[in-house]
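S.K.: mmCIF, C-alpha atoms, file model36.cif:
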data_structure
#
loop_
_atom_site.label_atom_id
_atom_site.label_comp_id
_atom_site.auth_asym_id
_atom_site.auth_seq_id
_atom_site.Cartn_x
_atom_site.Cartn_y
_atom_site.Cartn_z
CA MET J 1 13.10 -32.11 -22.38
CA GLN J 2 13.04 -32.18 -18.60
CA THR J 3 10.65 -34.50 -16.81
CA PHE J 4 8.28 -33.03 -14.23
CA GLU J 5 10.41 -34.46 -11.42
CA GLU J 6 13.49 -32.75 -12.86
CA ARG J 7 11.74 -29.42 -13.37
CA ARG J 8 9.85 -29.08 -10.07
CA ARG J 9 11.24 -26.76 -7.43
CA ASP J 10 9.56 -28.39 -4.44
CA PRO J 11 10.64 -32.04 -4.01
CA PHE J 12 7.25 -33.03 -2.55
CA PHE J 13 5.21 -31.54 -5.37
CA THR J 14 3.59 -34.12 -7.66
CA GLU J 15 2.47 -33.90 -11.26
CA ASN J 16 -0.98 -35.08 -10.20
CA ALA J 17 -1.30 -32.17 -7.77
CA TYR J 18 -0.16 -29.82 -10.53
CA GLN J 19 -2.82 -31.02 -12.96
CA GLU J 20 -5.60 -31.02 -10.37
CA HIS J 21 -4.76 -27.50 -9.20
CA ARG J 22 -4.81 -26.20 -12.76
CA LYS J 23 -8.17 -27.80 -13.55
CA GLY J 24 -9.69 -26.34 -10.42
CA THR J 25 -8.42 -22.84 -11.15
CA GLU J 26 -9.53 -22.91 -14.77
CA SER J 27 -13.07 -23.84 -13.68
CA MET J 28 -13.32 -20.45 -11.94
CA PHE J 29 -13.74 -18.77 -15.32
CA THR J 30 -16.94 -20.65 -16.19
CA ASP J 31 -18.69 -21.10 -12.81
CA PRO J 32 -21.00 -18.09 -12.15
CA HIS J 33 -20.50 -18.52 -8.39
CA PHE J 34 -16.79 -17.80 -8.85
CA ALA J 35 -16.90 -15.32 -11.74
CA GLU J 36 -14.39 -12.53 -12.18
CA SER J 37 -17.22 -9.98 -11.87
CA ARG J 38 -18.15 -9.52 -8.22
CA GLU J 39 -21.60 -8.33 -9.28
CA GLN J 40 -22.09 -11.64 -11.04
CA ILE J 41 -20.97 -13.49 -7.91
CA LYS J 42 -23.46 -11.51 -5.82
CA GLU J 43 -26.26 -12.38 -8.25
CA ALA J 44 -25.39 -16.09 -8.19
CA ALA J 45 -24.96 -16.35 -4.41
CA LYS J 46 -27.88 -16.70 -2.04
CA ASP J 47 -26.70 -13.89 0.26
CA LEU J 48 -23.84 -11.44 0.76
CA THR J 49 -22.04 -13.73 3.19
CA SER J 50 -21.98 -16.51 0.62
CA ALA J 51 -20.96 -14.04 -2.08
CA ARG J 52 -18.05 -12.80 0.02
CA ARG J 53 -16.97 -16.37 0.72
CA CYS J 54 -17.08 -17.26 -2.99
CA SER J 55 -15.27 -14.07 -3.94
CA PHE J 56 -12.42 -14.66 -1.51
CA HIS J 57 -12.24 -18.33 -2.43
CA ARG J 58 -11.57 -17.20 -5.98
CA VAL J 59 -8.79 -14.89 -4.82
CA MET J 60 -7.20 -17.66 -2.79
CA CYS J 61 -7.36 -20.08 -5.70
CA PHE J 62 -5.42 -17.69 -7.93
CA ILE J 63 -2.85 -16.99 -5.23
CA GLU J 64 -2.46 -20.73 -4.67
CA ASP J 65 -2.26 -21.16 -8.44
CA ALA J 66 0.80 -18.88 -8.63
CA TRP J 67 2.30 -20.56 -5.56
CA MET J 68 1.74 -23.98 -7.09
CA ARG J 69 3.21 -22.94 -10.44
CA TYR J 70 6.41 -21.84 -8.73
CA SER J 71 6.63 -25.19 -6.93
CA ALA J 72 6.04 -27.02 -10.20
CA GLY J 73 8.97 -25.30 -11.88
CA GLU J 74 7.11 -23.15 -14.39
CA PRO J 75 9.11 -20.41 -16.17
CA LEU J 76 9.24 -17.26 -14.09
CA GLU J 77 8.54 -14.98 -17.05
CA SER J 78 5.03 -16.41 -17.46
CA LEU J 79 4.53 -16.87 -13.73
CA ARG J 80 4.77 -13.11 -13.23
CA ASP J 81 1.55 -12.68 -15.22
CA HIS J 82 -0.25 -15.16 -12.95
CA VAL J 83 0.96 -13.30 -9.86
CA LYS J 84 -0.25 -10.00 -11.32
CA TYR J 85 -3.66 -11.53 -12.07
CA ALA J 86 -3.96 -12.79 -8.49
CA PHE J 87 -3.35 -9.26 -7.19
CA ASP J 88 -5.88 -7.84 -9.67
CA ASP J 89 -8.44 -10.32 -8.39
CA LEU J 90 -7.68 -9.34 -4.79
CA GLN J 91 -8.36 -5.74 -5.78
CA ARG J 92 -11.75 -6.72 -7.22
CA HIS J 93 -12.53 -8.47 -3.94
CA ASN J 94 -11.39 -5.46 -1.88
CA GLU J 95 -13.67 -3.15 -3.83
CA ALA J 96 -16.68 -5.43 -3.46
CA PHE J 97 -16.10 -6.41 0.18
CA PRO J 98 -13.99 -3.67 1.81
CA ASP J 99 -14.72 -4.89 5.34
CA HIS J 100 -13.17 -8.31 4.73
CA THR J 101 -9.49 -8.17 5.71
CA PHE J 102 -6.46 -10.15 6.83
CA LYS J 103 -6.00 -10.15 10.59
CA LEU J 104 -2.31 -10.38 11.36
CA TRP J 105 -2.73 -12.36 14.56
CA GLU J 106 -3.80 -15.31 12.39
CA PRO J 107 -0.77 -17.40 11.29
CA ASP J 108 -2.15 -17.90 7.78
CA ALA J 109 -2.92 -14.20 7.32
CA TYR J 110 0.58 -13.28 8.49
CA TYR J 111 2.20 -15.84 6.19
CA TYR J 112 0.15 -14.60 3.24
CA THR J 113 1.09 -11.02 4.03
CA MET J 114 4.77 -11.94 3.99
CA MET J 115 4.44 -14.04 0.84
CA LEU J 116 2.48 -11.48 -1.15
CA THR J 117 4.75 -8.65 -0.04
CA SER J 118 7.72 -10.74 -1.17
CA TRP J 119 6.11 -11.28 -4.56
CA THR J 120 5.71 -7.53 -5.09
CA VAL J 121 9.48 -7.25 -4.60
CA LEU J 122 10.77 -10.35 -6.36
CA PHE J 123 8.47 -9.96 -9.39
CA ASN J 124 8.95 -6.17 -9.39
CA LEU J 125 5.28 -5.32 -8.93
CA PRO J 126 5.43 -2.33 -6.55
CA GLU J 127 2.03 -1.13 -7.77
CA CYS J 128 0.47 -4.26 -6.22
CA LEU J 129 1.64 -3.55 -2.68
CA ASN J 130 -1.19 -1.10 -1.98
CA ILE J 131 -3.71 -3.76 -3.04
CA LEU J 132 -2.35 -6.02 -0.30
CA VAL J 133 -2.16 -3.21 2.26
CA GLU J 134 -5.84 -2.42 1.67
CA HIS J 135 -6.67 -6.01 2.60
CA ILE J 136 -4.94 -5.89 6.00
CA SER J 137 -6.93 -4.74 9.01
CA ARG J 138 -5.66 -1.67 10.82
CA ASP J 139 -7.77 -2.38 13.87
CA PRO J 140 -5.35 -2.85 16.80
CA GLU J 141 -7.58 -5.69 18.01
CA ASP J 142 -6.70 -7.61 14.84
CA GLY J 143 -2.98 -7.34 15.47
CA GLU J 144 -0.12 -4.90 14.93
CA ASP J 145 3.41 -6.08 14.20
CA SER J 146 6.75 -4.30 14.15
CA PHE J 147 8.29 -6.58 11.49
CA ILE J 148 5.45 -5.94 9.03
CA HIS J 149 5.72 -2.23 9.81
CA ALA J 150 9.48 -2.26 9.12
CA VAL J 151 9.08 -4.05 5.79
CA PHE J 152 6.22 -1.83 4.64
CA SER J 153 8.13 1.31 5.66
CA ALA J 154 11.11 0.24 3.59
CA LEU J 155 8.78 -0.31 0.64
CA GLY J 156 7.25 3.15 0.91
CA ILE J 157 4.16 2.52 3.07
CA GLN J 158 4.95 5.04 5.79
CA ASP J 159 1.63 5.19 7.61
CA PHE J 160 1.14 1.51 8.41
CA PRO J 161 0.76 0.94 12.17
CA GLY J 162 2.95 -1.26 14.34
CA LYS J 163 6.19 0.67 14.82
CA GLU J 164 5.97 0.45 18.61
CA ALA J 165 4.30 -2.96 18.65
CA GLY J 166 6.03 -6.22 19.39
CA LEU J 167 6.03 -9.30 17.20
CA LEU J 168 2.80 -11.21 16.84
CA HIS J 169 4.66 -14.36 15.81
CA GLU J 170 8.04 -14.38 17.53
CA ASP J 171 8.69 -17.93 16.38
CA PRO J 172 10.07 -17.84 13.68
CA TYR J 173 9.95 -14.20 12.51
CA GLY J 174 11.86 -12.87 15.49
CA ILE J 175 15.08 -14.33 14.05
CA LEU J 176 14.89 -12.15 10.95
CA PHE J 177 13.58 -9.08 12.75
CA ALA J 178 16.37 -9.17 15.32
CA SER J 179 18.96 -9.31 12.55
CA LEU J 180 17.74 -6.26 10.62
CA ASP J 181 19.97 -3.79 12.43
CA GLY J 182 23.02 -6.03 12.15
CA SER J 183 25.73 -6.23 9.54
CA ARG J 184 25.23 -8.08 6.28
CA GLU J 185 27.18 -11.00 7.73
CA GLU J 186 24.89 -11.10 10.77
CA GLN J 187 21.83 -11.01 8.53
CA GLN J 188 23.21 -13.80 6.36
CA ASN J 189 23.84 -15.92 9.46
CA ALA J 190 20.29 -15.22 10.59
CA MET J 191 18.97 -16.41 7.23
CA ARG J 192 20.68 -19.77 7.70
CA LYS J 193 19.29 -20.10 11.21
CA TYR J 194 15.82 -19.05 10.10
CA LEU J 195 15.64 -21.47 7.17
CA LYS J 196 16.79 -24.29 9.44
CA CYS J 197 13.93 -23.82 11.91
CA TRP J 198 11.22 -22.18 9.74
CA TYR J 199 9.13 -25.27 9.01
CA ARG J 200 9.14 -26.42 12.65
CA SER J 201 8.24 -23.01 14.09
CA GLU J 202 5.07 -22.33 16.05
CA SER J 203 3.56 -19.91 13.56
CA ILE J 204 4.10 -22.17 10.55
CA LYS J 205 2.67 -25.11 12.49
CA GLY J 206 -0.55 -23.10 12.66
CA CYS J 207 -0.89 -22.75 8.88
CA TYR J 208 -3.48 -24.76 6.97
CA TRP J 209 -1.09 -25.87 4.19
CA ARG J 210 1.60 -27.36 6.43
CA GLU J 211 2.16 -31.16 6.29
CA ARG J 212 -0.07 -31.57 3.24
CA HIS J 213 2.72 -33.41 1.46
CA SER J 214 2.39 -36.24 3.98
CA PHE J 215 -1.37 -36.58 4.49
CA ASN J 216 -2.82 -35.17 1.25
CA PRO J 217 -0.16 -34.70 -1.44
CA ALA J 218 -2.82 -34.04 -4.09
CA VAL J 219 -3.39 -30.57 -2.60
CA HIS J 220 0.20 -29.80 -1.56
CA LEU J 221 1.25 -26.30 -2.63
CA GLY J 222 4.95 -26.25 -1.85
CA TYR J 223 6.96 -24.98 1.11
CA TRP J 224 8.64 -21.59 0.66
CA ALA J 225 9.90 -18.91 3.01
CA PHE J 226 9.55 -16.22 0.34
CA GLU J 227 10.44 -13.49 2.84
CA THR J 228 14.06 -14.75 2.89
CA GLY J 229 14.28 -14.03 -0.82
CA MET J 230 12.75 -10.59 -0.38
CA LEU J 231 15.17 -9.57 2.39
CA THR J 232 18.11 -11.02 0.47
CA VAL J 233 17.29 -8.73 -2.45
CA LEU J 234 16.31 -5.64 -0.47
CA ASN J 235 19.38 -5.73 1.76
CA GLY J 236 21.84 -6.85 -0.93
CA LEU J 237 22.86 -10.04 0.86
CA ASP J 238 25.21 -12.72 -0.42
CA ASP J 239 23.09 -15.88 -0.37
CA SER J 240 25.90 -18.30 -1.17
CA GLY J 241 25.86 -19.61 2.39
CA TYR J 242 22.17 -20.54 2.38
CA ARG J 243 20.92 -20.68 -1.20
CA GLU J 244 20.93 -24.48 -1.21
CA ARG J 245 18.85 -24.77 1.96
CA GLY J 246 15.30 -25.99 1.68
CA PHE J 247 12.49 -23.40 1.58
CA TYR J 248 14.72 -20.66 0.10
CA PRO J 249 13.31 -19.42 -3.26
CA ARG J 250 16.68 -19.15 -4.96
CA ASP J 251 15.32 -19.34 -8.52
CA LEU J 252 13.11 -16.34 -7.86
CA VAL J 253 15.96 -14.37 -6.27
CA ASP J 254 18.19 -15.18 -9.24
CA TYR J 255 15.45 -14.14 -11.66
CA CYS J 256 14.91 -10.83 -9.87
CA ARG J 257 18.60 -10.06 -10.02
CA GLU J 258 18.97 -11.20 -13.63
CA GLN J 259 16.27 -8.71 -14.62
CA GLY J 260 18.14 -5.93 -12.82
CA TRP J 261 15.14 -5.23 -10.59
CA HIS J 262 17.31 -5.26 -7.46
CA LYS J 263 19.17 -2.23 -8.83
CA ASP J 264 15.91 -0.39 -9.49
CA MET J 265 14.81 -1.06 -5.92
CA ALA J 266 18.14 0.03 -4.46
CA GLU J 267 17.62 3.45 -6.05
CA ARG J 268 14.13 4.03 -4.66
CA LEU J 269 14.03 2.07 -1.38
CA THR J 270 15.81 1.97 1.93
CA VAL J 271 17.15 -1.24 3.42
CA VAL J 272 14.82 -2.89 5.89
CA ARG J 273 15.59 -1.85 9.42
CA GLY J 274 14.02 -3.02 12.62
CA LYS J 275 14.12 0.28 14.49
#
How does this structure look as structure tokens?

M.R.:
Amino acid sequence: MQTFEERRRDPFFTENAYQEHRKGTESMFTDPHFAESREQIKEAAKDLTSARRCSFHRVMCFIEDAWMRYSAGEPLESLRDHVKYAFDDLQRHNEAFPDHTFKLWEPDAYYYTMMLTSWTVLFNLPECLNILVEHISRDPEDGEDSFIHAVFSALGIQDFPGKEAGLLHEDPYGILFASLDGSREEQQNAMRKYLKCWYRSESIKGCYWRERHSFNPAVHLGYWAFETGMLTVLNGLDDSGYRERGFYPRDLVDYCREQGWHKDMAERLTVVRGK
């Protein structure tokens, strides 16, 4: 049997963090302030603002739970169920608090949009994409982005704004966006460049979870550029030149391909293009 250190996918992830995360998530099922039912949350909270905060905290805990489980090396077959549950909980939140949305100008909101979109592809959950899209603000003041537009368009969301917009977070996402109209070789080269600079980029520096491994390892979630896995699958790239680089979710890409989901997507989707 593998030890935790042998099984984990993120080298900074600790068994203590794994156990603490799981205990915290499991407590959501018994605390009335964080119940699955949003009506129950509203009854337990002192006001709607508090209820909304508790509701979204619950969503975030289940997203972080799936993120953490990937870092810990859990089997991907069971992890898919946890991802699906996180999306279901986001839908419950959307229905209860439709005015609460991701604003793409925020680095964390943009990262979460990329991560969750990638999960709908790599775990073959296309029905969950609309749940995410409903949680993203379409107010131009909250940010429009041509990369997000291009990805959503390829995945069948044709009416999402941003086609004529620039990039909200040029560093690092501009590397991938600029490569989308290139050859497969050019895109593969861009992946290597992107993975090399991803963690040090300006947008990732603005995310709340960055550097946790050094100052608070007990709440470290893992460091993953899930969008590289998504684009590798969607555009049929050979990842042999970058699959061993840090931050690349190679196990998830391999799992997606082993299930044959990449072939299903190739039949119903276009490759991601920047223009």

S.K.: Calculated over only C-alpha atoms, which of the candidates J:Ser137, J:Ser50, J:Thr228, J:Ser179 has the smallest distance to Lys196 in chain J?

M.R.: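 Of all the options, J:Thr228 lies closest to Lys196 in chain J.
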
S.K.: So how far away is CA of Tyr248 in chain J from CA of Phe56 in chain J, in Å?

M.R.: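 Straight-line distance from CA of Phe56 in chain J to CA of Tyr248 in chain J works out to 27.8 Å.
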
S.K.: To one decimal place, how far is CA of Ile157 in chain J from CA of Ala225 in chain J in Å?

M.R.: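 Separation of CA of Ile157 in chain J and CA of Ala225 in chain J: 22.2 Å.
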
S.K.: Smallest atom-to-atom distance to Trp198 in chain J: which of J:Phe215, J:Phe152, J:Phe247, J:Tyr255, using only C-alpha atoms?

M.R.: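 Once distances to Trp198 in chain J are computed over only C-alpha atoms, the minimum belongs to J:Phe247.
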
S.K.: Would you mind listing what lies within 12 Å of Arg243 in chain J as JSON, numbers by chain, with only C-alpha atoms counted and same-chain residues fewer than 2 positions away left out?

M.R.: {"J": [188, 191, 192, 195, 196, 225, 228, 229, 232, 237, 238, 239, 240, 241, 245, 246, 247, 248, 249, 250, 251, 252, 253, 254]}

S.K.: Write out as a ChimeraX atom specification which residues come within 8 Å of range 95-100 of chain J when counting all atoms listed in the file, dropping same-chain ones fewer than 3 positions away.

M.R.: /J:38,52,91-92,135

S.K.: Which is closer to Ala266 in chain J than all the others in J:Val121, J:His57, J:Asn189, J:Glu106, using all atoms listed in the file?

M.R.: J:Val121

S.K.: To one decimal place in Å, what is the distance between CA of Ala17 in chain J and CA of Ile41 in chain J?

M.R.: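 Interatomic distance, CA of Ala17 in chain J to CA of Ile41 in chain J: 27.1 Å.
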
S.K.: Taking (13.1, -28.3, -14.7) in the file's coordinates as the center, which residues reach within 12 Å of it, counting all atoms listed in the file, put as a ChimeraX atom specification?

M.R.: /J:1-11,70-76,251

S.K.: Would you please work out which residue, of J:Ala190, J:Met115, J:Ala35, J:Leu234, is nearest to Leu129 in chain J when using all atoms listed in the file?

M.R.: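 The closest residue to Leu129 in chain J is J:Met115.
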
S.K.: Looking at J:Gly260, J:Val233, J:Cys207, J:Gln158, which one is nearest to Asp108 in chain J, with distances taken over all atoms listed in the file?

M.R.: J:Cys207

S.K.: What do you get, as JSON, numbers by chain, if you spell out every residue that the PyMOL selection byres ((chain J and resi 168-176) around 9) selects here?

M.R.: {"J": [104, 105, 106, 107, 110, 143, 144, 145, 146, 147, 165, 166, 167, 177, 178, 179, 180, 187, 190, 191, 193, 194, 197, 198, 199, 200, 201, 202, 203, 204, 228, 231]}

S.K.: Please return the centre and edge lengths, in Å to one decimal, of a box with edges along x, y and z that contains all listed atoms of range 58-74 of chain J, widened by 8 Å on every side, as lines of an AutoDock Vina configuration file.

M.R.:
center_x = -1.3
center_y = -21.0
center_z = -8.6
size_x = 36.5
size_y = 28.1
size_z = 27.6

S.K.: With only C-alpha atoms as the basis for distance, which of J:His213, J:Leu122, J:Glu258, J:Glu227 is at the shortest distance from Ile148 in chain J?

M.R.: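 Under the stated criterion, the closest residue is J:Glu227.
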
S.K.: Residues within 12 Å of Asp81 in chain J, please, as a PyMOL selection string. Count all atoms listed in the file; anything in the same chain fewer than 2 positions from it doesn't count.

M.R.: chain J and resi 62-63+65-66+69+74-79+83-88+119+123-125

S.K.: Write out as a PyMOL selection string each polymer residue whose atoms come within 12 Å of Thr30 in chain J, counting all atoms listed in the file; drop sequence neighbours fewer than 6 positions from it.

M.R.: chain J and resi 23-24+36-37+40-41

S.K.: Filtering to C-alpha atoms, could you give me those residues as a PDB file, in the frame of the given file?

M.R.:
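Below you can see result-v7.pdb, which holds the result:
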ATOM      1  CA  LYS J  23      -8.170 -27.800 -13.550  1.00  0.00           C
ATOM      2  CA  GLY J  24      -9.690 -26.340 -10.420  1.00  0.00           C
ATOM      3  CA  GLU J  36     -14.390 -12.530 -12.180  1.00  0.00           C
ATOM      4  CA  SER J  37     -17.220  -9.980 -11.870  1.00  0.00           C
ATOM      5  CA  GLN J  40     -22.090 -11.640 -11.040  1.00  0.00           C
ATOM      6  CA  ILE J  41     -20.970 -13.490  -7.910  1.00  0.00           C
TER       7      ILE J  41
END

S.K.: Can you tell me, as a PyMOL selection string, what residues are no more than 12 Å from Glu211 in chain J when counting all atoms listed in the file, ignoring any on the same chain fewer than 2 positions away?

M.R.: chain J and resi 12+199-200+204-209+213-223
